[in-house]
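> What follows is the file work-v2.cif, containing mmCIF, C-alpha atoms:
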```cif
data_input
loop_
_atom_site.group_PDB
_atom_site.id
_atom_site.type_symbol
_atom_site.label_atom_id
_atom_site.label_comp_id
_atom_site.auth_asym_id
_atom_site.auth_seq_id
_atom_site.Cartn_x
_atom_site.Cartn_y
_atom_site.Cartn_z
ATOM 1 C CA MET A 19 -35.443 -4.876 12.247
ATOM 2 C CA SER A 20 -35.161 -3.426 8.735
ATOM 3 C CA VAL A 21 -31.901 -2.844 6.869
ATOM 4 C CA GLN A 22 -32.518 0.907 7.121
ATOM 5 C CA SER A 23 -32.945 0.647 10.895
ATOM 6 C CA ASP A 24 -29.736 -1.400 11.173
ATOM 7 C CA ALA A 25 -27.834 1.235 9.196
ATOM 8 C CA LEU A 26 -29.243 4.011 11.396
ATOM 9 C CA LEU A 27 -28.262 2.118 14.536
ATOM 10 C CA GLN A 28 -24.740 1.569 13.230
ATOM 11 C CA GLU A 29 -24.450 5.248 12.322
ATOM 12 C CA THR A 30 -25.637 6.277 15.788
ATOM 13 C CA ASP A 31 -23.206 3.881 17.422
ATOM 14 C CA PHE A 32 -20.349 5.251 15.306
ATOM 15 C CA ASP A 33 -21.270 8.843 16.222
ATOM 16 C CA ALA A 34 -21.069 7.836 19.882
ATOM 17 C CA LEU A 35 -17.678 6.253 19.213
ATOM 18 C CA LEU A 36 -16.410 9.461 17.598
ATOM 19 C CA GLN A 37 -17.640 11.527 20.542
ATOM 20 C CA GLU A 38 -15.848 9.153 22.910
ATOM 21 C CA ARG A 39 -12.602 9.466 20.911
ATOM 22 C CA ALA A 40 -12.800 13.264 21.049
ATOM 23 C CA GLU A 41 -13.347 13.176 24.822
ATOM 24 C CA ARG A 42 -10.402 10.823 25.252
ATOM 25 C CA LEU A 43 -8.223 13.203 23.250
ATOM 26 C CA GLY A 44 -9.315 16.063 25.512
ATOM 27 C CA LYS A 45 -8.222 14.095 28.591
ATOM 28 C CA ARG A 46 -4.879 13.377 26.970
ATOM 29 C CA TRP A 47 -4.384 17.083 26.347
ATOM 30 C CA LYS A 48 -5.385 17.977 29.914
ATOM 31 C CA SER A 49 -2.618 15.787 31.330
ATOM 32 C CA LEU A 50 -0.139 17.257 28.848
ATOM 33 C CA GLU A 51 -1.033 20.843 29.802
ATOM 34 C CA LYS A 52 0.431 20.389 33.265
ATOM 35 C CA ALA A 53 3.870 19.490 31.937
ATOM 36 C CA SER A 54 4.163 21.751 28.872
ATOM 37 C CA SER A 55 5.116 25.359 28.305
ATOM 38 C CA GLN A 56 1.943 27.142 27.296
ATOM 39 C CA GLU A 57 4.007 29.861 25.609
ATOM 40 C CA ASP A 58 5.243 27.382 23.007
ATOM 41 C CA CYS A 59 3.775 28.097 19.553
ATOM 42 C CA PHE A 60 3.153 24.389 18.922
ATOM 43 C CA PHE A 61 1.300 24.166 22.232
ATOM 44 C CA GLU A 62 -0.917 27.075 21.196
ATOM 45 C CA LYS A 63 -1.599 25.507 17.799
ATOM 46 C CA ALA A 64 -2.547 22.153 19.327
ATOM 47 C CA SER A 65 -4.795 23.857 21.892
ATOM 48 C CA ALA A 66 -6.595 25.811 19.158
ATOM 49 C CA THR A 67 -7.093 22.702 16.996
ATOM 50 C CA LEU A 68 -8.505 20.766 19.950
ATOM 51 C CA GLU A 69 -10.938 23.584 20.685
ATOM 52 C CA ARG A 70 -12.154 23.503 17.073
ATOM 53 C CA LEU A 71 -12.770 19.769 17.449
ATOM 54 C CA ARG A 72 -14.691 20.302 20.685
ATOM 55 C CA THR A 73 -16.804 23.040 19.109
ATOM 56 C CA PHE A 74 -17.534 20.855 16.103
ATOM 57 C CA CYS A 75 -18.659 17.990 18.373
ATOM 58 C CA ARG A 76 -20.910 20.275 20.418
ATOM 59 C CA GLU A 77 -22.549 21.715 17.330
ATOM 60 C CA GLY A 78 -22.960 18.318 15.700
ATOM 61 C CA GLU A 79 -24.305 16.674 18.844
ATOM 62 C CA GLU A 80 -25.427 13.170 17.835
ATOM 63 C CA ASN A 81 -25.381 13.758 14.064
ATOM 64 C CA LEU A 82 -21.764 14.407 13.203
ATOM 65 C CA ASP A 83 -20.449 14.929 9.703
ATOM 66 C CA THR A 84 -18.190 11.894 9.885
ATOM 67 C CA CYS A 85 -15.824 12.915 7.084
ATOM 68 C CA THR A 86 -15.213 16.386 8.524
ATOM 69 C CA PHE A 87 -14.848 14.961 12.031
ATOM 70 C CA LEU A 88 -12.207 12.425 10.993
ATOM 71 C CA GLN A 89 -10.142 15.045 9.206
ATOM 72 C CA LEU A 90 -10.325 17.470 12.140
ATOM 73 C CA TYR A 91 -9.726 14.626 14.610
ATOM 74 C CA THR A 92 -6.639 13.561 12.642
ATOM 75 C CA GLN A 93 -5.233 17.093 12.604
ATOM 76 C CA THR A 94 -5.820 17.384 16.353
ATOM 77 C CA ILE A 95 -3.919 14.140 16.946
ATOM 78 C CA LEU A 96 -1.061 15.364 14.755
ATOM 79 C CA ASP A 97 -0.824 18.660 16.650
ATOM 80 C CA ILE A 98 -1.064 17.168 20.145
ATOM 81 C CA THR A 99 1.437 14.378 19.493
ATOM 82 C CA TYR A 100 3.829 16.907 17.961
ATOM 83 C CA VAL A 101 3.975 18.655 21.336
ATOM 84 C CA GLU A 102 4.559 15.271 23.010
ATOM 85 C CA GLU A 103 7.290 14.330 20.544
ATOM 86 C CA ASN A 104 9.110 17.639 21.011
ATOM 87 C CA LYS A 105 9.086 17.045 24.755
ATOM 88 C CA LEU A 106 10.561 13.568 24.276
ATOM 89 C CA VAL A 107 13.297 14.891 21.988
ATOM 90 C CA ASP A 108 14.125 17.774 24.349
ATOM 91 C CA GLU A 109 14.497 15.253 27.171
ATOM 92 C CA ASP A 110 16.583 12.952 24.940
ATOM 93 C CA PHE A 111 14.075 10.092 25.234
ATOM 94 C CA PRO A 112 14.208 9.300 29.000
ATOM 95 C CA GLU A 113 15.307 5.701 29.472
ATOM 96 C CA ASP A 114 12.697 4.885 32.122
ATOM 97 C CA SER A 115 9.622 6.057 30.194
ATOM 98 C CA SER A 116 10.352 6.723 26.518
ATOM 99 C CA LEU A 117 9.551 3.216 25.242
ATOM 100 C CA GLU A 118 6.033 3.401 26.670
ATOM 101 C CA GLN A 119 5.539 6.964 25.415
ATOM 102 C CA VAL A 120 6.787 6.201 21.898
ATOM 103 C CA THR A 121 4.532 3.143 21.676
ATOM 104 C CA ASP A 122 1.573 5.205 22.891
ATOM 105 C CA ILE A 123 2.190 7.948 20.314
ATOM 106 C CA ILE A 124 2.501 5.396 17.501
ATOM 107 C CA ASP A 125 -0.801 3.858 18.606
ATOM 108 C CA ILE A 126 -2.737 7.132 18.625
ATOM 109 C CA LEU A 127 -1.247 8.190 15.273
ATOM 110 C CA SER A 128 -2.686 4.932 13.912
ATOM 111 C CA GLU A 129 -6.148 5.682 15.325
ATOM 112 C CA PRO A 130 -7.530 7.754 12.371
ATOM 113 C CA GLU A 131 -6.895 4.956 9.884
ATOM 114 C CA ASN A 132 -8.351 2.394 12.281
ATOM 115 C CA LEU A 133 -11.526 4.460 12.562
ATOM 116 C CA VAL A 134 -11.775 4.826 8.784
ATOM 117 C CA LYS A 135 -11.398 1.068 8.321
ATOM 118 C CA GLN A 136 -14.016 0.450 11.003
ATOM 119 C CA LEU A 137 -16.399 2.859 9.310
ATOM 120 C CA LEU A 138 -15.920 1.569 5.786
ATOM 121 C CA GLN A 139 -15.225 -2.059 6.672
ATOM 122 C CA ASN A 140 -14.267 -3.943 3.516
ATOM 123 C CA GLN A 141 -14.534 -1.099 1.018
ATOM 124 C CA LYS A 142 -11.262 -0.669 -0.848
ATOM 125 C CA GLU A 143 -11.901 2.745 -2.362
ATOM 126 C CA HIS A 144 -12.254 5.594 0.097
ATOM 127 C CA THR A 145 -11.021 9.170 0.328
ATOM 128 C CA ILE A 146 -12.030 10.299 3.810
ATOM 129 C CA LEU A 147 -8.483 11.184 4.813
ATOM 130 C CA THR A 148 -6.671 13.444 2.354
ATOM 131 C CA PRO A 149 -3.332 12.334 0.872
ATOM 132 C CA GLU A 150 -1.681 15.153 2.849
ATOM 133 C CA LEU A 151 -3.053 13.873 6.173
ATOM 134 C CA LEU A 152 -2.062 10.311 5.316
ATOM 135 C CA GLU A 153 1.455 11.406 4.434
ATOM 136 C CA CYS A 154 1.717 13.223 7.759
ATOM 137 C CA LEU A 155 0.514 10.168 9.698
ATOM 138 C CA TYR A 156 3.046 7.861 8.008
ATOM 139 C CA TRP A 157 5.874 10.398 8.176
ATOM 140 C CA ARG A 158 5.356 11.193 11.843
ATOM 141 C CA ARG A 159 5.367 7.522 12.843
ATOM 142 C CA GLY A 160 8.393 6.722 10.693
ATOM 143 C CA ALA A 161 10.359 9.775 11.819
ATOM 144 C CA LEU A 162 9.569 9.172 15.506
ATOM 145 C CA LEU A 163 10.802 5.582 15.282
ATOM 146 C CA TYR A 164 13.893 6.797 13.424
ATOM 147 C CA MET A 165 14.722 9.264 16.213
ATOM 148 C CA TYR A 166 14.061 6.712 18.937
ATOM 149 C CA CYS A 167 16.197 4.037 17.253
ATOM 150 C CA HIS A 168 18.948 6.610 16.753
ATOM 151 C CA THR A 169 18.868 7.293 20.497
ATOM 152 C CA ILE A 170 19.002 3.579 21.343
ATOM 153 C CA ARG A 171 22.089 3.194 19.151
ATOM 154 C CA HIS A 172 23.786 6.196 20.710
ATOM 155 C CA ASN A 173 23.010 5.333 24.336
ATOM 156 C CA GLU A 174 23.941 1.648 24.069
ATOM 157 C CA GLN A 175 26.838 1.791 21.629
ATOM 158 C CA GLU A 176 29.316 0.417 24.162
ATOM 159 C CA GLN A 177 27.020 -2.520 24.942
ATOM 160 C CA LYS A 178 26.692 -3.268 21.219
ATOM 161 C CA ILE A 179 22.960 -2.731 21.603
ATOM 162 C CA ASP A 180 22.546 -6.217 23.106
ATOM 163 C CA ASN A 181 19.925 -5.039 25.583
ATOM 164 C CA SER A 182 17.641 -3.516 22.943
ATOM 165 C CA THR A 183 18.060 -5.706 19.862
ATOM 166 C CA ASP A 184 14.465 -6.992 19.833
ATOM 167 C CA ILE A 185 12.991 -3.523 20.288
ATOM 168 C CA LEU A 186 15.376 -2.040 17.748
ATOM 169 C CA ASN A 187 14.577 -4.772 15.225
ATOM 170 C CA LYS A 188 10.807 -4.268 15.540
ATOM 171 C CA PHE A 189 10.907 -0.486 15.481
ATOM 172 C CA LEU A 190 13.289 -0.375 12.526
ATOM 173 C CA LYS A 191 11.044 -2.675 10.493
ATOM 174 C CA ASP A 192 7.945 -0.668 11.427
ATOM 175 C CA GLY A 193 9.703 2.635 10.740
ATOM 176 C CA ILE A 194 10.910 1.548 7.299
ATOM 177 C CA ASN A 195 7.396 0.364 6.498
ATOM 178 C CA TYR A 196 5.869 3.708 7.484
ATOM 179 C CA LEU A 197 8.420 5.747 5.536
ATOM 180 C CA LEU A 198 8.084 3.670 2.364
ATOM 181 C CA THR A 199 4.315 3.966 2.562
ATOM 182 C CA MET A 200 4.602 7.722 3.054
ATOM 183 C CA LEU A 201 6.764 7.965 -0.069
ATOM 184 C CA ASN A 202 4.229 5.834 -1.920
ATOM 185 C CA ALA A 203 1.139 7.857 -0.950
ATOM 186 C CA LYS A 204 1.217 10.111 -4.007
ATOM 187 C CA CYS A 205 2.015 9.376 -7.627
ATOM 188 C CA PRO A 206 4.942 11.223 -9.243
ATOM 189 C CA VAL A 207 3.995 13.980 -11.670
ATOM 190 C CA LYS A 208 4.230 12.821 -15.272
ATOM 191 C CA LEU A 209 6.208 15.192 -17.464
ATOM 192 C CA GLU A 210 4.242 14.769 -20.643
ATOM 193 C CA ASP A 211 4.783 16.521 -23.949
ATOM 194 C CA GLY A 212 3.068 19.865 -24.125
ATOM 195 C CA VAL A 213 3.386 20.534 -20.377
ATOM 196 C CA SER A 214 5.761 23.406 -19.649
ATOM 197 C CA PHE A 215 7.592 24.108 -16.381
ATOM 198 C CA GLN A 216 9.271 27.411 -15.583
ATOM 199 C CA ASP A 217 11.654 25.613 -13.199
ATOM 200 C CA LEU A 218 13.187 22.473 -14.710
ATOM 201 C CA ASP A 219 14.733 21.371 -11.385
ATOM 202 C CA THR A 220 11.333 21.510 -9.694
ATOM 203 C CA ALA A 221 9.873 19.492 -12.545
ATOM 204 C CA LYS A 222 12.542 16.830 -12.046
ATOM 205 C CA LEU A 223 11.761 16.623 -8.327
ATOM 206 C CA LEU A 224 8.025 16.262 -8.911
ATOM 207 C CA SER A 225 8.621 13.585 -11.548
ATOM 208 C CA GLN A 226 10.512 11.562 -8.933
ATOM 209 C CA GLY A 227 7.795 11.906 -6.308
ATOM 210 C CA VAL A 228 9.656 14.473 -4.209
ATOM 211 C CA PHE A 229 7.074 17.054 -3.181
ATOM 212 C CA SER A 230 8.820 18.545 -0.133
ATOM 213 C CA ASP A 231 11.920 18.405 2.064
ATOM 214 C CA THR A 232 10.094 15.775 4.108
ATOM 215 C CA HIS A 233 10.063 13.354 1.189
ATOM 216 C CA LEU A 234 13.818 13.740 0.809
ATOM 217 C CA LEU A 235 14.369 13.190 4.541
ATOM 218 C CA ALA A 236 12.152 10.099 4.402
ATOM 219 C CA MET A 237 14.459 8.596 1.760
ATOM 220 C CA MET A 238 17.528 9.262 3.914
ATOM 221 C CA TYR A 239 15.883 7.969 7.079
ATOM 222 C CA ALA A 240 14.601 4.798 5.382
ATOM 223 C CA GLY A 241 18.011 4.098 3.865
ATOM 224 C CA GLU A 242 19.770 4.664 7.179
ATOM 225 C CA MET A 243 17.312 2.423 9.034
ATOM 226 C CA CYS A 244 17.953 -0.344 6.493
ATOM 227 C CA TYR A 245 21.656 0.047 7.282
ATOM 228 C CA TRP A 246 21.022 -0.112 11.045
ATOM 229 C CA ILE A 247 18.936 -3.275 10.819
ATOM 230 C CA LEU A 248 21.613 -5.007 8.736
ATOM 231 C CA LYS A 249 24.403 -3.894 11.054
ATOM 232 C CA HIS A 250 22.797 -4.344 14.473
ATOM 233 C CA CYS A 251 20.027 -6.926 14.176
ATOM 234 C CA GLY A 252 21.732 -10.161 13.268
ATOM 235 C CA GLY A 253 22.380 -9.366 9.628
ATOM 236 C CA GLU A 254 18.859 -10.285 8.562
ATOM 237 C CA GLU A 255 18.383 -8.996 5.044
ATOM 238 C CA LYS A 256 14.756 -9.820 4.331
ATOM 239 C CA THR A 257 11.439 -9.489 6.111
ATOM 240 C CA GLU A 258 7.772 -9.618 5.258
ATOM 241 C CA PHE A 259 6.602 -6.205 4.157
ATOM 242 C CA ASN A 260 3.303 -5.480 5.899
ATOM 243 C CA ARG A 261 2.039 -3.095 3.269
ATOM 244 C CA ILE A 262 0.013 -0.302 4.855
ATOM 245 C CA ASP A 263 -2.941 0.493 2.609
ATOM 246 C CA ALA A 264 -2.725 4.195 1.903
ATOM 247 C CA GLU A 265 -5.988 5.535 0.527
ATOM 248 C CA THR A 266 -4.247 6.969 -2.510
ATOM 249 C CA SER A 267 -1.260 4.628 -2.751
ATOM 250 C CA CYS A 268 0.615 4.474 -6.033
ATOM 251 C CA ASP A 269 3.293 1.870 -6.736
ATOM 252 C CA LYS A 270 6.728 3.273 -7.443
ATOM 253 C CA GLY A 271 8.899 0.448 -8.634
ATOM 254 C CA ASP A 272 9.646 -3.171 -7.869
ATOM 255 C CA SER A 273 10.795 -2.562 -4.279
ATOM 256 C CA PHE A 274 7.291 -1.494 -3.324
ATOM 257 C CA LYS A 275 5.502 -4.286 -5.192
ATOM 258 C CA LYS A 276 7.183 -7.143 -3.368
ATOM 259 C CA ASN A 277 5.655 -8.742 -0.291
ATOM 260 C CA THR A 278 9.178 -9.229 1.054
ATOM 261 C CA LEU A 279 11.581 -6.384 1.743
ATOM 262 C CA ASP A 280 15.264 -6.826 1.002
ATOM 263 C CA PHE A 281 16.815 -4.252 3.320
ATOM 264 C CA ARG A 282 20.047 -3.977 1.348
ATOM 265 C CA ASP A 283 18.199 -3.485 -1.928
ATOM 266 C CA VAL A 284 15.744 -0.952 -0.481
ATOM 267 C CA GLY A 285 18.503 0.895 1.362
ATOM 268 C CA GLU A 286 20.584 1.190 -1.791
ATOM 269 C CA LYS A 287 17.665 2.456 -3.854
ATOM 270 C CA MET A 288 16.562 5.013 -1.272
ATOM 271 C CA LEU A 289 20.055 6.394 -0.684
ATOM 272 C CA PHE A 290 21.064 6.371 -4.345
ATOM 273 C CA LYS A 291 17.952 8.367 -5.155
ATOM 274 C CA TYR A 292 18.654 10.726 -2.261
ATOM 275 C CA VAL A 293 22.233 11.319 -3.457
ATOM 276 C CA SER A 294 21.212 11.790 -7.082
ATOM 277 C CA ILE A 295 18.661 14.446 -6.077
ATOM 278 C CA CYS A 296 20.989 16.252 -3.653
ATOM 279 C CA GLU A 297 23.768 16.341 -6.229
ATOM 280 C CA GLY A 298 21.348 17.086 -9.061
ATOM 281 C CA PRO A 299 18.331 19.434 -8.756
ATOM 282 C CA LEU A 300 19.250 20.437 -5.179
ATOM 283 C CA LYS A 301 23.016 20.771 -5.661
ATOM 284 C CA GLY A 302 24.451 23.690 -3.695
ATOM 285 C CA LEU A 303 21.390 24.060 -1.450
ATOM 286 C CA GLY A 304 22.974 22.602 1.700
ATOM 287 C CA TRP A 305 21.944 18.947 1.498
ATOM 288 C CA SER A 306 24.802 16.698 2.672
ATOM 289 C CA THR A 307 25.428 13.312 1.059
ATOM 290 C CA ALA A 308 28.480 12.249 3.106
ATOM 291 C CA ASN A 309 26.616 9.857 5.417
ATOM 292 C CA ALA A 310 24.558 8.441 2.562
ATOM 293 C CA MET A 311 27.714 7.714 0.556
ATOM 294 C CA GLN A 312 29.328 5.922 3.508
ATOM 295 C CA ILE A 313 26.244 3.739 3.976
ATOM 296 C CA LEU A 314 26.103 2.985 0.248
ATOM 297 C CA ASP A 315 29.727 1.764 0.440
ATOM 298 C CA PHE A 316 28.753 -0.542 3.337
ATOM 299 C CA LEU A 317 25.723 -1.895 1.485
ATOM 300 C CA LYS A 318 27.803 -2.491 -1.654
ATOM 301 C CA LYS A 319 30.417 -4.460 0.312
ATOM 302 C CA ILE A 320 27.908 -6.787 1.985
ATOM 303 C CA GLY A 321 26.287 -7.346 -1.401
ATOM 304 C CA ASN A 322 29.514 -8.643 -2.954
#
```
Take the structure in the file and write it out as structure tokens.

Amino acid sequence: MSVQSDALLQETDFDALLQERAERLGKRWKSLEKASSQEDCFFEKASATLERLRTFCREGEENLDTCTFLQLYTQTILDITYVEENKLVDEDFPEDSSLEQVTDIIDILSEPENLVKQLLQNQKEHTILTPELLECLYWRRGALLYMYCHTIRHNEQEQKIDNSTDILNKFLKDGINYLLTMLNAKCPVKLEDGVSFQDLDTAKLLSQGVFSDTHLLAMMYAGEMCYWILKHCGGEEKTEFNRIDAETSCDKGDSFKKNTLDFRDVGEKMLFKYVSICEGPLKGLGWSTANAMQILDFLKKIGN
């Protein structure tokens, strides 16, 4: 068989795989429909996005535009899992089923990147998923694990979290990894000579890689999760950092260049940056630093 024939076969096989993924997503949505309020605006948005994906697959038949499919597929996953996450939060993460549901959501939010890697194999440079979609994928996984770990701490405070230490330890490490990668997905804007900004505070935020409220929350969440892992998980301060390869990753300092994460060091840097921004460019806009300051005091004490 010729190289061209092999490539065509692989492309056909991948198209079939994409069709199968879309069908699986439709089945997931069908089961969710029975338990969700169809008057919810997020439900309507997810339903509309899924229908666009279905229409695209029907029109493309066996010759799908892979790039467009993966972007639409990713957005559909983001919208559907958002409905699922809201349901989990509203129900305060049911003890009997939330672990399985959280793990399942994390897995499907990882699916777009897995498909891209499968498609491109060993290629290092690729731009199929936009930086915005990648940020959303990392943020949603990190934020979900943050909320779940917060619930574990609250529900098992009296038991000193003995029953969930292993789960908490794993999810905290994974969550910190996702949030750091999300913050590292875009390069800060360089404020070079000759470039003028009407709003100096906005310019300062962009120069520090803060492009939205979500970036600021990610700093606070990552810092707080570093605090939790030091306080509740045996005092371990360092772990291997399984760097997630964002398509447009850009290093932002020594903490991100190391293969080993020092939770105290990372927590301090994230929270110090959060406080400096809240008390600087965003001062007076409602961002609280009280919790961050308390955690910074804790991290400083264990560092002495």
> So the first atom is CA of His250 (chain A) and the second is CA of Gly160 (chain A); what is the distance between them in Å, to one decimal place?
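CA of Gly160 (chain A) lies at a distance of 18.6 Å from CA of His250 (chain A).
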> Please provide the set of residues having any atom within 10 Å of Val207 (chain A), restricted to only C-alpha atoms, with same-chain residues fewer than 5 positions apart removed, written as a compact mmCIF listing (two decimals) with C-alpha atoms, keeping the file's coordinate frame.

```
# COMPACT_ATOMS: atom_id res chain seq x y z
CA ALA A 221 9.87 19.49 -12.54
CA LYS A 222 12.54 16.83 -12.05
CA LEU A 223 11.76 16.62 -8.33
CA LEU A 224 8.02 16.26 -8.91
CA SER A 225 8.62 13.58 -11.55
CA GLN A 226 10.51 11.56 -8.93
CA GLY A 227 7.80 11.91 -6.31
CA VAL A 228 9.66 14.47 -4.21
CA PHE A 229 7.07 17.05 -3.18
```
> Could you list the residues chosen by the PyMOL selection byres ((chain A and resi 282-290) around 7) in this structure as a VMD selection string?
chain A and resid 237 to 238 240 to 241 244 to 245 255 273 280 to 281 291 to 294 310 314 317
> Find the residues of region 232-253 of chain A that sit at most 7 Å from region 189-200 of chain A; for each, write down the nearest two atoms and how far apart they are in Å, to one decimal. Count only C-alpha atoms. Sort by chain, then by number going up, and give it as a Markdown table.

```
| residue | atom | partner | partner_atom | distance |
| --- | --- | --- | --- | --- |
| A:Ala236 | CA | A:Leu197 | CA | 5.8 |
| A:Ala240 | CA | A:Ile194 | CA | 5.3 |
| A:Met243 | CA | A:Leu190 | CA | 6.0 |
| A:Ile247 | CA | A:Leu190 | CA | 6.6 |
```
> Can I get the selection written as a short mmCIF file (atom, residue, chain, number, x, y, z; two decimals), in the coordinates of the input, with C-alpha atoms?

```cif
data_model
loop_
_atom_site.label_atom_id
_atom_site.label_comp_id
_atom_site.auth_asym_id
_atom_site.auth_seq_id
_atom_site.Cartn_x
_atom_site.Cartn_y
_atom_site.Cartn_z
CA ALA A 236 12.15 10.10 4.40
CA ALA A 240 14.60 4.80 5.38
CA MET A 243 17.31 2.42 9.03
CA ILE A 247 18.94 -3.28 10.82
#
```
> List the residues matched by the PyMOL selection byres ((chain A and resi 83-89) around 9) in the displayed structure as an NGL selection string, ordered by chain and then by residue number.
:A and (32-33 or 36 or 71 or 74-75 or 78 or 81-82 or 90-94 or 130 or 133-134 or 146-148 or 151)
> Pick out the closest residue to Phe316 (chain A) from this set: A:Leu300, A:Leu137, A:Leu248, A:Ile295. Count only C-alpha atoms.
A:Leu248
> Which residue is closest to Asn104 (chain A)? Choose from A:Leu162, A:Leu186, A:Ile126, A:Leu117 and count all atoms listed in the file.
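So, comparing all the options, the nearest one is A:Leu162.
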